[in-house]
Structure formats: structure tokens, C-alpha cells
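Chemist: Below is my_file05.pdb; it holds PDB, C-alpha atoms and all ligand atoms.
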ATOM      1  CA  MET A   1      -0.077  -6.593  23.588  1.00  0.00           C
ATOM      2  CA  ARG A   2       0.510  -3.001  22.604  1.00  0.00           C
ATOM      3  CA  LYS A   3      -2.586  -1.232  21.294  1.00  0.00           C
ATOM      4  CA  ALA A   4      -1.838   0.495  17.987  1.00  0.00           C
ATOM      5  CA  VAL A   5      -1.908   4.298  17.868  1.00  0.00           C
ATOM      6  CA  ILE A   6      -2.626   6.160  14.645  1.00  0.00           C
ATOM      7  CA  ALA A   7      -2.064   9.888  15.142  1.00  0.00           C
ATOM      8  CA  GLY A   8      -2.732  12.652  12.630  1.00  0.00           C
ATOM      9  CA  ASN A   9      -0.557  15.746  12.841  1.00  0.00           C
ATOM     10  CA  TRP A  10      -2.443  18.529  11.074  1.00  0.00           C
ATOM     11  CA  LYS A  11       0.528  20.896  11.412  1.00  0.00           C
ATOM     12  CA  MET A  12      -0.225  24.518  10.411  1.00  0.00           C
ATOM     13  CA  ASN A  13      -3.290  23.616   8.376  1.00  0.00           C
ATOM     14  CA  LYS A  14      -7.033  24.209   8.797  1.00  0.00           C
ATOM     15  CA  THR A  15      -8.961  27.188  10.088  1.00  0.00           C
ATOM     16  CA  VAL A  16     -11.305  26.468  12.983  1.00  0.00           C
ATOM     17  CA  SER A  17     -14.284  25.855  10.694  1.00  0.00           C
ATOM     18  CA  GLU A  18     -12.244  23.625   8.362  1.00  0.00           C
ATOM     19  CA  ALA A  19     -10.954  21.682  11.365  1.00  0.00           C
ATOM     20  CA  VAL A  20     -14.488  21.136  12.632  1.00  0.00           C
ATOM     21  CA  GLU A  21     -15.494  19.898   9.195  1.00  0.00           C
ATOM     22  CA  LEU A  22     -12.596  17.432   9.135  1.00  0.00           C
ATOM     23  CA  ILE A  23     -13.245  15.991  12.596  1.00  0.00           C
ATOM     24  CA  CYS A  24     -16.963  15.577  11.804  1.00  0.00           C
ATOM     25  CA  GLU A  25     -16.163  13.695   8.598  1.00  0.00           C
ATOM     26  CA  LEU A  26     -13.585  11.567  10.338  1.00  0.00           C
ATOM     27  CA  LYS A  27     -15.880  10.636  13.211  1.00  0.00           C
ATOM     28  CA  LYS A  28     -18.349   9.130  10.748  1.00  0.00           C
ATOM     29  CA  LEU A  29     -15.666   7.093   9.016  1.00  0.00           C
ATOM     30  CA  VAL A  30     -13.989   5.560  12.075  1.00  0.00           C
ATOM     31  CA  PHE A  31     -16.787   5.270  14.659  1.00  0.00           C
ATOM     32  CA  ASP A  32     -16.608   1.468  14.543  1.00  0.00           C
ATOM     33  CA  VAL A  33     -12.875   1.193  15.291  1.00  0.00           C
ATOM     34  CA  THR A  34     -12.130  -0.166  18.747  1.00  0.00           C
ATOM     35  CA  ASP A  35      -8.760  -1.874  18.443  1.00  0.00           C
ATOM     36  CA  THR A  36      -6.714   1.220  17.557  1.00  0.00           C
ATOM     37  CA  GLU A  37      -6.205   4.447  19.487  1.00  0.00           C
ATOM     38  CA  ILE A  38      -7.078   7.304  17.147  1.00  0.00           C
ATOM     39  CA  VAL A  39      -5.489  10.680  17.828  1.00  0.00           C
ATOM     40  CA  VAL A  40      -5.575  13.996  15.976  1.00  0.00           C
ATOM     41  CA  ALA A  41      -3.368  17.016  16.615  1.00  0.00           C
ATOM     42  CA  PRO A  42      -5.084  20.163  15.293  1.00  0.00           C
ATOM     43  CA  PRO A  43      -3.416  23.584  15.414  1.00  0.00           C
ATOM     44  CA  PHE A  44      -3.762  25.246  18.833  1.00  0.00           C
ATOM     45  CA  LEU A  45      -6.578  27.585  17.820  1.00  0.00           C
ATOM     46  CA  ALA A  46      -8.781  24.726  16.675  1.00  0.00           C
ATOM     47  CA  ILE A  47      -8.155  22.348  19.576  1.00  0.00           C
ATOM     48  CA  TYR A  48     -11.022  23.538  21.729  1.00  0.00           C
ATOM     49  CA  ARG A  49     -13.679  23.200  19.028  1.00  0.00           C
ATOM     50  CA  VAL A  50     -12.312  19.941  17.678  1.00  0.00           C
ATOM     51  CA  ALA A  51     -12.248  18.467  21.187  1.00  0.00           C
ATOM     52  CA  GLN A  52     -15.888  19.467  21.663  1.00  0.00           C
ATOM     53  CA  GLU A  53     -16.865  17.717  18.429  1.00  0.00           C
ATOM     54  CA  ALA A  54     -14.851  14.624  19.380  1.00  0.00           C
ATOM     55  CA  LYS A  55     -16.401  14.311  22.816  1.00  0.00           C
ATOM     56  CA  GLY A  56     -17.986  10.906  23.313  1.00  0.00           C
ATOM     57  CA  SER A  57     -16.277   9.528  20.187  1.00  0.00           C
ATOM     58  CA  ASN A  58     -13.264   7.227  19.856  1.00  0.00           C
ATOM     59  CA  ILE A  59     -10.996  10.076  18.696  1.00  0.00           C
ATOM     60  CA  ARG A  60      -8.589  11.651  21.176  1.00  0.00           C
ATOM     61  CA  ILE A  61      -6.942  15.057  20.924  1.00  0.00           C
ATOM     62  CA  SER A  62      -3.277  15.952  20.952  1.00  0.00           C
ATOM     63  CA  ALA A  63      -1.406  19.250  20.897  1.00  0.00           C
ATOM     64  CA  GLN A  64       1.443  19.702  18.424  1.00  0.00           C
ATOM     65  CA  ASP A  65       3.721  21.319  21.006  1.00  0.00           C
ATOM     66  CA  ILE A  66       3.708  22.417  24.615  1.00  0.00           C
ATOM     67  CA  PHE A  67       5.653  24.755  26.897  1.00  0.00           C
ATOM     68  CA  TRP A  68       7.057  23.543  30.194  1.00  0.00           C
ATOM     69  CA  GLU A  69       5.970  26.284  32.578  1.00  0.00           C
ATOM     70  CA  GLU A  70       2.532  26.300  34.157  1.00  0.00           C
ATOM     71  CA  LYS A  71       1.827  30.012  33.632  1.00  0.00           C
ATOM     72  CA  GLY A  72       3.426  33.431  33.595  1.00  0.00           C
ATOM     73  CA  ALA A  73       5.266  35.850  31.355  1.00  0.00           C
ATOM     74  CA  TYR A  74       6.007  33.569  28.385  1.00  0.00           C
ATOM     75  CA  THR A  75       4.625  35.411  25.391  1.00  0.00           C
ATOM     76  CA  GLY A  76       3.115  33.133  22.803  1.00  0.00           C
ATOM     77  CA  ALA A  77       3.427  29.948  24.828  1.00  0.00           C
ATOM     78  CA  VAL A  78       0.773  27.400  25.800  1.00  0.00           C
ATOM     79  CA  SER A  79       1.005  25.532  29.077  1.00  0.00           C
ATOM     80  CA  PRO A  80       0.354  21.868  29.851  1.00  0.00           C
ATOM     81  CA  MET A  81      -2.525  22.859  32.120  1.00  0.00           C
ATOM     82  CA  MET A  82      -4.204  24.897  29.370  1.00  0.00           C
ATOM     83  CA  LEU A  83      -3.982  21.932  27.034  1.00  0.00           C
ATOM     84  CA  SER A  84      -5.546  19.448  29.390  1.00  0.00           C
ATOM     85  CA  ASP A  85      -8.207  22.025  30.244  1.00  0.00           C
ATOM     86  CA  VAL A  86      -9.412  22.017  26.621  1.00  0.00           C
ATOM     87  CA  GLY A  87      -9.434  18.246  26.365  1.00  0.00           C
ATOM     88  CA  CYS A  88      -5.969  17.212  25.175  1.00  0.00           C
ATOM     89  CA  LYS A  89      -4.727  13.809  26.286  1.00  0.00           C
ATOM     90  CA  TYR A  90      -1.492  13.823  24.279  1.00  0.00           C
ATOM     91  CA  THR A  91       1.067  16.256  22.967  1.00  0.00           C
ATOM     92  CA  ILE A  92       3.650  15.877  20.251  1.00  0.00           C
ATOM     93  CA  VAL A  93       7.085  16.906  21.552  1.00  0.00           C
ATOM     94  CA  GLY A  94      10.305  17.479  19.627  1.00  0.00           C
ATOM     95  CA  HIS A  95       8.914  17.172  16.120  1.00  0.00           C
ATOM     96  CA  SER A  96      11.733  17.705  13.625  1.00  0.00           C
ATOM     97  CA  GLU A  97      10.008  20.838  12.321  1.00  0.00           C
ATOM     98  CA  ARG A  98      10.126  22.285  15.844  1.00  0.00           C
ATOM     99  CA  ARG A  99      13.798  21.354  16.055  1.00  0.00           C
ATOM    100  CA  GLN A 100      14.543  22.804  12.612  1.00  0.00           C
ATOM    101  CA  TYR A 101      12.498  26.027  12.585  1.00  0.00           C
ATOM    102  CA  PHE A 102      12.003  26.853  16.252  1.00  0.00           C
ATOM    103  CA  GLY A 103      15.334  26.001  17.814  1.00  0.00           C
ATOM    104  CA  GLU A 104      14.184  23.014  19.889  1.00  0.00           C
ATOM    105  CA  THR A 105      17.062  21.121  21.418  1.00  0.00           C
ATOM    106  CA  ASP A 106      17.269  17.791  23.223  1.00  0.00           C
ATOM    107  CA  GLU A 107      17.254  19.801  26.456  1.00  0.00           C
ATOM    108  CA  THR A 108      14.064  21.728  25.701  1.00  0.00           C
ATOM    109  CA  VAL A 109      12.479  18.514  24.469  1.00  0.00           C
ATOM    110  CA  ASN A 110      13.342  16.894  27.804  1.00  0.00           C
ATOM    111  CA  ARG A 111      11.738  19.738  29.743  1.00  0.00           C
ATOM    112  CA  LYS A 112       8.607  19.504  27.636  1.00  0.00           C
ATOM    113  CA  ILE A 113       8.322  15.742  28.056  1.00  0.00           C
ATOM    114  CA  ARG A 114       8.562  16.095  31.824  1.00  0.00           C
ATOM    115  CA  ALA A 115       6.018  18.912  31.866  1.00  0.00           C
ATOM    116  CA  ALA A 116       3.576  16.900  29.757  1.00  0.00           C
ATOM    117  CA  LEU A 117       3.860  13.822  31.959  1.00  0.00           C
ATOM    118  CA  GLY A 118       3.490  15.979  35.051  1.00  0.00           C
ATOM    119  CA  GLN A 119       0.128  17.156  33.733  1.00  0.00           C
ATOM    120  CA  GLY A 120      -1.054  13.688  32.720  1.00  0.00           C
ATOM    121  CA  LEU A 121      -0.537  14.290  29.000  1.00  0.00           C
ATOM    122  CA  ALA A 122       1.039  11.448  27.045  1.00  0.00           C
ATOM    123  CA  PRO A 123       4.005  12.817  25.077  1.00  0.00           C
ATOM    124  CA  ILE A 124       4.482  11.650  21.510  1.00  0.00           C
ATOM    125  CA  PHE A 125       8.234  12.108  21.561  1.00  0.00           C
ATOM    126  CA  CYS A 126       9.728  12.460  18.058  1.00  0.00           C
ATOM    127  CA  VAL A 127      13.224  11.426  17.075  1.00  0.00           C
ATOM    128  CA  GLY A 128      14.847  11.005  13.674  1.00  0.00           C
ATOM    129  CA  GLU A 129      17.958  11.521  11.611  1.00  0.00           C
ATOM    130  CA  VAL A 130      18.492  13.847   8.641  1.00  0.00           C
ATOM    131  CA  ILE A 131      19.629  12.457   5.300  1.00  0.00           C
ATOM    132  CA  GLU A 132      23.301  13.382   5.749  1.00  0.00           C
ATOM    133  CA  GLN A 133      23.374  11.509   9.032  1.00  0.00           C
ATOM    134  CA  ARG A 134      21.814   8.417   7.480  1.00  0.00           C
ATOM    135  CA  GLU A 135      24.209   8.505   4.555  1.00  0.00           C
ATOM    136  CA  SER A 136      27.228   8.795   6.800  1.00  0.00           C
ATOM    137  CA  GLY A 137      26.112   5.871   8.965  1.00  0.00           C
ATOM    138  CA  GLU A 138      25.230   7.951  12.007  1.00  0.00           C
ATOM    139  CA  THR A 139      21.551   7.011  12.292  1.00  0.00           C
ATOM    140  CA  PHE A 140      21.851   4.894  15.421  1.00  0.00           C
ATOM    141  CA  SER A 141      24.110   7.285  17.294  1.00  0.00           C
ATOM    142  CA  VAL A 142      21.862  10.255  16.478  1.00  0.00           C
ATOM    143  CA  ILE A 143      18.784   8.363  17.667  1.00  0.00           C
ATOM    144  CA  GLU A 144      20.561   7.183  20.784  1.00  0.00           C
ATOM    145  CA  THR A 145      21.542  10.738  21.757  1.00  0.00           C
ATOM    146  CA  GLN A 146      18.028  12.057  21.117  1.00  0.00           C
ATOM    147  CA  VAL A 147      16.405   9.269  23.138  1.00  0.00           C
ATOM    148  CA  ARG A 148      18.817   9.410  26.076  1.00  0.00           C
ATOM    149  CA  LYS A 149      18.784  13.201  26.348  1.00  0.00           C
ATOM    150  CA  GLY A 150      15.054  13.484  25.731  1.00  0.00           C
ATOM    151  CA  LEU A 151      14.277  11.029  28.524  1.00  0.00           C
ATOM    152  CA  SER A 152      17.021  12.108  30.861  1.00  0.00           C
ATOM    153  CA  GLY A 153      16.027  12.157  34.521  1.00  0.00           C
ATOM    154  CA  LEU A 154      12.717  10.339  34.024  1.00  0.00           C
ATOM    155  CA  SER A 155      12.010   7.406  36.281  1.00  0.00           C
ATOM    156  CA  PRO A 156      10.716   4.140  34.793  1.00  0.00           C
ATOM    157  CA  PRO A 157       7.191   4.578  36.228  1.00  0.00           C
ATOM    158  CA  GLU A 158       7.040   8.085  34.752  1.00  0.00           C
ATOM    159  CA  MET A 159       7.690   6.585  31.310  1.00  0.00           C
ATOM    160  CA  LYS A 160       4.601   4.439  31.402  1.00  0.00           C
ATOM    161  CA  ASP A 161       2.534   6.832  29.222  1.00  0.00           C
ATOM    162  CA  LEU A 162       5.345   7.772  26.884  1.00  0.00           C
ATOM    163  CA  ILE A 163       4.891   7.222  23.144  1.00  0.00           C
ATOM    164  CA  VAL A 164       7.911   7.474  20.850  1.00  0.00           C
ATOM    165  CA  ALA A 165       7.720   8.386  17.167  1.00  0.00           C
ATOM    166  CA  TYR A 166      10.570   7.520  14.850  1.00  0.00           C
ATOM    167  CA  GLU A 167      10.419  10.012  12.002  1.00  0.00           C
ATOM    168  CA  PRO A 168      13.389  10.000   9.636  1.00  0.00           C
ATOM    169  CA  VAL A 169      13.539  13.655   8.615  1.00  0.00           C
ATOM    170  CA  TRP A 170      14.254  12.743   4.995  1.00  0.00           C
ATOM    171  CA  ALA A 171      10.913  10.918   4.837  1.00  0.00           C
ATOM    172  CA  ILE A 172       8.730  13.725   6.202  1.00  0.00           C
ATOM    173  CA  GLY A 173       6.558  15.363   3.581  1.00  0.00           C
ATOM    174  CA  THR A 174       8.811  14.088   0.794  1.00  0.00           C
ATOM    175  CA  GLY A 175       6.827  11.079  -0.365  1.00  0.00           C
ATOM    176  CA  LYS A 176       9.948   9.009   0.396  1.00  0.00           C
ATOM    177  CA  THR A 177       8.943   6.491   3.044  1.00  0.00           C
ATOM    178  CA  ALA A 178      11.476   4.407   4.894  1.00  0.00           C
ATOM    179  CA  THR A 179      11.053   0.769   3.892  1.00  0.00           C
ATOM    180  CA  GLY A 180       9.483  -1.500   6.473  1.00  0.00           C
ATOM    181  CA  GLU A 181      12.936  -2.996   7.029  1.00  0.00           C
ATOM    182  CA  GLN A 182      14.663   0.374   7.501  1.00  0.00           C
ATOM    183  CA  ALA A 183      12.004   1.476   9.972  1.00  0.00           C
ATOM    184  CA  GLU A 184      11.858  -1.824  11.858  1.00  0.00           C
ATOM    185  CA  GLU A 185      15.621  -1.798  12.360  1.00  0.00           C
ATOM    186  CA  VAL A 186      15.482   1.600  14.053  1.00  0.00           C
ATOM    187  CA  HIS A 187      12.333   0.749  16.034  1.00  0.00           C
ATOM    188  CA  ALA A 188      13.982  -2.383  17.432  1.00  0.00           C
ATOM    189  CA  PHE A 189      17.031  -0.290  18.322  1.00  0.00           C
ATOM    190  CA  ILE A 190      14.831   2.269  20.120  1.00  0.00           C
ATOM    191  CA  ARG A 191      13.070  -0.500  22.035  1.00  0.00           C
ATOM    192  CA  GLY A 192      16.447  -1.806  23.146  1.00  0.00           C
ATOM    193  CA  LEU A 193      17.414   1.660  24.383  1.00  0.00           C
ATOM    194  CA  LEU A 194      14.105   2.041  26.200  1.00  0.00           C
ATOM    195  CA  LYS A 195      14.741  -1.280  27.919  1.00  0.00           C
ATOM    196  CA  GLU A 196      17.951   0.159  29.272  1.00  0.00           C
ATOM    197  CA  VAL A 197      16.465   3.418  30.475  1.00  0.00           C
ATOM    198  CA  SER A 198      12.974   2.377  31.504  1.00  0.00           C
ATOM    199  CA  GLN A 199      13.418  -1.250  32.514  1.00  0.00           C
ATOM    200  CA  GLY A 200      10.027  -2.924  32.832  1.00  0.00           C
ATOM    201  CA  THR A 201       7.923  -0.509  30.783  1.00  0.00           C
ATOM    202  CA  ALA A 202       9.729  -0.718  27.417  1.00  0.00           C
ATOM    203  CA  ASP A 203       7.764  -3.700  26.167  1.00  0.00           C
ATOM    204  CA  ASN A 204       4.575  -1.672  26.569  1.00  0.00           C
ATOM    205  CA  THR A 205       5.850   1.563  24.993  1.00  0.00           C
ATOM    206  CA  ARG A 206       4.295   2.255  21.634  1.00  0.00           C
ATOM    207  CA  ILE A 207       6.808   3.267  18.959  1.00  0.00           C
ATOM    208  CA  LEU A 208       5.175   4.947  15.975  1.00  0.00           C
ATOM    209  CA  TYR A 209       6.648   5.419  12.520  1.00  0.00           C
ATOM    210  CA  GLY A 210       6.232   8.767  10.770  1.00  0.00           C
ATOM    211  CA  GLY A 211       7.284  10.036   7.360  1.00  0.00           C
ATOM    212  CA  SER A 212       5.024   9.926   4.280  1.00  0.00           C
ATOM    213  CA  VAL A 213       2.704   7.278   5.694  1.00  0.00           C
ATOM    214  CA  ASN A 214      -0.259   6.840   3.339  1.00  0.00           C
ATOM    215  CA  PRO A 215      -3.058   4.376   2.608  1.00  0.00           C
ATOM    216  CA  ASP A 216      -0.776   2.399   0.256  1.00  0.00           C
ATOM    217  CA  ASN A 217       2.189   1.838   2.540  1.00  0.00           C
ATOM    218  CA  VAL A 218       0.604   1.610   5.987  1.00  0.00           C
ATOM    219  CA  ASP A 219      -0.202  -2.106   5.903  1.00  0.00           C
ATOM    220  CA  GLY A 220       3.394  -3.112   5.194  1.00  0.00           C
ATOM    221  CA  LEU A 221       4.778  -0.825   7.884  1.00  0.00           C
ATOM    222  CA  MET A 222       2.266  -1.962  10.500  1.00  0.00           C
ATOM    223  CA  ALA A 223       3.130  -5.610   9.818  1.00  0.00           C
ATOM    224  CA  LYS A 224       6.529  -5.105  11.460  1.00  0.00           C
ATOM    225  CA  PRO A 225       6.800  -6.364  15.032  1.00  0.00           C
ATOM    226  CA  ASN A 226       8.190  -3.161  16.558  1.00  0.00           C
ATOM    227  CA  ILE A 227       6.027  -0.689  14.630  1.00  0.00           C
ATOM    228  CA  ASP A 228       3.067   0.035  16.874  1.00  0.00           C
ATOM    229  CA  GLY A 229       1.420   2.834  14.968  1.00  0.00           C
ATOM    230  CA  ALA A 230       1.920   5.839  12.738  1.00  0.00           C
ATOM    231  CA  LEU A 231       2.290   9.584  13.032  1.00  0.00           C
ATOM    232  CA  VAL A 232       0.734  10.901   9.849  1.00  0.00           C
ATOM    233  CA  GLY A 233       1.111  14.412   8.436  1.00  0.00           C
ATOM    234  CA  GLY A 234      -0.140  15.116   4.913  1.00  0.00           C
ATOM    235  CA  ALA A 235      -2.449  12.110   4.640  1.00  0.00           C
ATOM    236  CA  SER A 236      -4.201  13.036   7.902  1.00  0.00           C
ATOM    237  CA  LEU A 237      -5.693  16.124   6.265  1.00  0.00           C
ATOM    238  CA  LYS A 238      -8.038  14.013   4.138  1.00  0.00           C
ATOM    239  CA  ALA A 239     -10.622  12.174   6.219  1.00  0.00           C
ATOM    240  CA  GLU A 240     -10.847   9.235   3.839  1.00  0.00           C
ATOM    241  CA  ASP A 241      -7.110   8.668   3.626  1.00  0.00           C
ATOM    242  CA  PHE A 242      -6.663   8.974   7.367  1.00  0.00           C
ATOM    243  CA  ALA A 243      -9.573   6.600   8.002  1.00  0.00           C
ATOM    244  CA  ARG A 244      -7.995   4.040   5.683  1.00  0.00           C
ATOM    245  CA  ILE A 245      -4.728   4.355   7.612  1.00  0.00           C
ATOM    246  CA  VAL A 246      -6.605   3.898  10.898  1.00  0.00           C
ATOM    247  CA  LYS A 247      -8.182   0.778   9.401  1.00  0.00           C
ATOM    248  CA  TYR A 248      -4.876  -0.688   8.221  1.00  0.00           C
ATOM    249  CA  LYS A 249      -4.997  -4.367   7.281  1.00  0.00           C
ATOM    250  CA  ARG A 250      -3.792  -6.733   9.963  1.00  0.00           C
TER     251      ARG A 250
HETATM  252  P1  LIG A 301       4.146  13.429   6.559  1.00  0.00           P
HETATM  253  O1  LIG A 301       4.478  14.059   8.005  1.00  0.00           O
HETATM  254  O2  LIG A 301       3.213  12.251   6.818  1.00  0.00           O
HETATM  255  O3  LIG A 301       3.477  14.540   5.801  1.00  0.00           O
HETATM  256  O4  LIG A 301       5.424  12.993   5.966  1.00  0.00           O
HETATM  257  C1  LIG A 301       4.706  13.244   9.121  1.00  0.00           C
HETATM  258  C2  LIG A 301       5.023  14.074  10.318  1.00  0.00           C
HETATM  259  O5  LIG A 301       5.737  15.071  10.171  1.00  0.00           O
HETATM  260  O6  LIG A 301       4.594  13.779  11.448  1.00  0.00           O
END
How does this structure look as C-alpha cells?
Modeler:
Amino acid sequence: MRKAVIAGNWKMNKTVSEAVELICELKKLVFDVTDTEIVVAPPFLAIYRVAQEAKGSNIRISAQDIFWEEKGAYTGAVSPMMLSDVGCKYTIVGHSERRQYFGETDETVNRKIRAALGQGLAPIFCVGEVIEQRESGETFSVIETQVRKGLSGLSPPEMKDLIVAYEPVWAIGTGKTATGEQAEEVHAFIRGLLKEVSQGTADNTRILYGGSVNPDNVDGLMAKPNIDGALVGGASLKAEDFARIVKYKR
């Protein structure tokens, strides 16, 4: 059985004090949840304080990005070691916004995934097609390239902590969710690919759906056999909405 993961990606939102307020509210709303892994990804500057507030609770902390080197002359970058030092257990890698605005490529994503795993951080590895690719029937080939290149060189045991997030770019922040069927089809395809590259561990790899997940559509998405959780942007900024997503109906 794969334990569900509901992860909130706060993106570039919340000052430190606002982030502390949100985590405190959230803690109260989800303290009784034991059957779902709850993760939040605050902006870098708020991670330390949010992790302190979350200590001893059932909420785990993720970074939104990572750099692959341990330390040195890399202006503006944050290393895997720094992230685990402040309490991160996960990091998002290869989010489409990083690919679109910050020049991430499948190669840099691969380096980041390896660096995260090397530091004991579970990568939440994002893949997804843009609308033109979906409309021209390229979804599966785009996903296949992203998955194969992103995981290139990793051994099956190294992939044990990997989490994959399928986020169709056209569904992110647009209010246009993929239907359960559209998402399930891609999730099953990703699981098949993982079976090829990671052998034994693919059945245990959690594959999350992301793209306009909200309290009204989460139950239907989570009912699909290959959807093991959600990566939530906008709706994770409101404690009540995120708590309702965490407590999706089974
Ligand atoms: P959204 O973002 O829920 O606001 O669509 C999802 C994501 O980008 O992870």
C-alpha cells in the first residue's frame, strides 16, 4: 500500500510571519490525520521558522528547489545540506515554473534529484506537458523524455524515496484541472516507465497529481488507482482548503 502524500507548494507567497500564522492554523486543523503524509513547501526564507513550528507535529517540510553543490561560490543558491539542516525532508525539483522562468533543463533536474537523494531528501520530481504538446498528441513522449532524463544514472535502490508529481502545465494555476481519467492515464504511463527504470521499487513510488487541485475535485482525483496524492499550489495558501484536501474522502 502506498501512503498518500498531500503537499502544499506555497510558491513565492507569505512573509515569515504570515507563513508562521499559516502553519499554526494548519497544525490545528490536521493534527488528527495519520493515514496521509502532509508536506508544506514554504519559500526559503520562511523554512526555518515554519519547521520550528511544525516540530513534533504530523506536518513535514519541503523546499521548493535545491542546488546540487554542497557549498562554495554559487551566488544565490541553497545547498542540500543547508536544507536538511533547517529541517527539510523533501524538496520539489523541476517544477514547471522553474523550467519556464529559471532555465531548468532535464539535465539540471537530474543533477538536483541526485543531490537531494544524496543528502537524504526525498525529491518531489515534477513532470508535465504544455497545452500545445497535449493538443498535438505529444503528451506521452514529453513525459517519457522528462522521466528518463530526470532519473538518468540513478540506481533502483536510490529511487526508493523518489516521489513523482505529474503536473500538466496547462492545469497549473488556471482553474482547469485534468479530469480523473486524463490524469490516471498519464500516472499509469509513468508507473510503467518507472517499472522499466527502477524495477522493484516502482510499485511503491508515490505519483502525485498537481494542477488546480481544490477541495471540490480532490476526492475524484484521489479515487484513481495510480494517483497517490496531490501537489497543491493556490489552495494550499488557505489552511481550511488545504486541510480539506488532506482529509479527502476515501
Ligand atoms: P495550482 O499549482 O494548484 O495553483 O494549480 C500547483 C503547482 O504548481 O504545484
Chemist: Expanded to explicit residues, what is the PyMOL selection byres (((chain A and resi 209) around 7) and not hetatm) for this file, as an mmCIF file with C-alpha atoms, in the coordinates of the input?
Modeler:
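See selection.cif below for the written result:
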data_model
loop_
_atom_site.group_PDB
_atom_site.id
_atom_site.type_symbol
_atom_site.label_atom_id
_atom_site.label_comp_id
_atom_site.auth_asym_id
_atom_site.auth_seq_id
_atom_site.Cartn_x
_atom_site.Cartn_y
_atom_site.Cartn_z
ATOM 1 C CA ALA A 165 7.720 8.386 17.167
ATOM 2 C CA TYR A 166 10.570 7.520 14.850
ATOM 3 C CA GLU A 167 10.419 10.012 12.002
ATOM 4 C CA ILE A 207 6.808 3.267 18.959
ATOM 5 C CA LEU A 208 5.175 4.947 15.975
ATOM 6 C CA GLY A 210 6.232 8.767 10.770
ATOM 7 C CA GLY A 211 7.284 10.036 7.360
ATOM 8 C CA ILE A 227 6.027 -0.689 14.630
ATOM 9 C CA GLY A 229 1.420 2.834 14.968
ATOM 10 C CA ALA A 230 1.920 5.839 12.738
ATOM 11 C CA LEU A 231 2.290 9.584 13.032
#
Chemist: If we count all atoms listed in the file and set the cut-off at 8 Å, which residues sit around Ile61 of chain A, ignoring sequence neighbours fewer than 2 positions away in its own chain? Please answer as a ChimeraX atom specification.
Modeler: /A:39-42,47,50-51,59,63,87-90
Chemist: Which chains and residue numbers are within 6 Å of ligand LIG 301 (chain A), counting all atoms listed in the file, if I want them as a CSV table (one decimal) with C-alpha atoms, keeping the file's coordinate frame?
Modeler:
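Just written: part_37.csv:
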chain,number,residue,atom,x,y,z
A,9,ASN,CA,-0.6,15.7,12.8
A,171,ALA,CA,10.9,10.9,4.8
A,172,ILE,CA,8.7,13.7,6.2
A,173,GLY,CA,6.6,15.4,3.6
A,210,GLY,CA,6.2,8.8,10.8
A,211,GLY,CA,7.3,10.0,7.4
A,212,SER,CA,5.0,9.9,4.3
A,213,VAL,CA,2.7,7.3,5.7
A,231,LEU,CA,2.3,9.6,13.0
A,232,VAL,CA,0.7,10.9,9.8
A,233,GLY,CA,1.1,14.4,8.4
A,234,GLY,CA,-0.1,15.1,4.9
Chemist: Which polymer residues have any atom within 12 Å of an atom of Gly76 of chain A, counting all atoms listed in the file, with same-chain residues fewer than 6 positions away left out, as an mmCIF file with C-alpha atoms, in the frame of the given file?
Modeler:
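Listed below is the output, result_2.cif:
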data_model
loop_
_atom_site.group_PDB
_atom_site.id
_atom_site.type_symbol
_atom_site.label_atom_id
_atom_site.label_comp_id
_atom_site.auth_asym_id
_atom_site.auth_seq_id
_atom_site.Cartn_x
_atom_site.Cartn_y
_atom_site.Cartn_z
ATOM 1 C CA PHE A 44 -3.762 25.246 18.833
ATOM 2 C CA ASP A 65 3.721 21.319 21.006
ATOM 3 C CA ILE A 66 3.708 22.417 24.615
ATOM 4 C CA PHE A 67 5.653 24.755 26.897
#
Chemist: Carefully work through the PyMOL selection byres (((chain A and resi 15) around 12) and not hetatm) for this structure and note down the residues it includes, as a ChimeraX atom specification.
Modeler: /A:10-14,16-22,42-47,49-50
Chemist: How would the residues just picked look written out with C-alpha atoms as a short mmCIF file (atom, residue, chain, number, x, y, z; two decimals), in the frame of the given file?
Modeler:
data_model
loop_
_atom_site.label_atom_id
_atom_site.label_comp_id
_atom_site.auth_asym_id
_atom_site.auth_seq_id
_atom_site.Cartn_x
_atom_site.Cartn_y
_atom_site.Cartn_z
CA TRP A 10 -2.44 18.53 11.07
CA LYS A 11 0.53 20.90 11.41
CA MET A 12 -0.22 24.52 10.41
CA ASN A 13 -3.29 23.62 8.38
CA LYS A 14 -7.03 24.21 8.80
CA VAL A 16 -11.30 26.47 12.98
CA SER A 17 -14.28 25.86 10.69
CA GLU A 18 -12.24 23.62 8.36
CA ALA A 19 -10.95 21.68 11.36
CA VAL A 20 -14.49 21.14 12.63
CA GLU A 21 -15.49 19.90 9.20
CA LEU A 22 -12.60 17.43 9.14
CA PRO A 42 -5.08 20.16 15.29
CA PRO A 43 -3.42 23.58 15.41
CA PHE A 44 -3.76 25.25 18.83
CA LEU A 45 -6.58 27.58 17.82
CA ALA A 46 -8.78 24.73 16.68
CA ILE A 47 -8.15 22.35 19.58
CA ARG A 49 -13.68 23.20 19.03
CA VAL A 50 -12.31 19.94 17.68
#
Chemist: Nearest to Gly150 of chain A among A:Thr105, A:Glu129, A:Ser136, A:Trp170, with distances taken over all atoms listed in the file: which residue is it?
Modeler: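 Ranking A:Thr105, A:Glu129, A:Ser136, A:Trp170 by distance to Gly150 of chain A, first place goes to A:Thr105.
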Chemist: Expressed in Å to a single decimal, how great is the separation between atom CA of Ala188 of chain A and atom CA of Arg244 of chain A?
Modeler: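 Interatomic distance, atom CA of Ala188 of chain A to atom CA of Arg244 of chain A: 25.7 Å.
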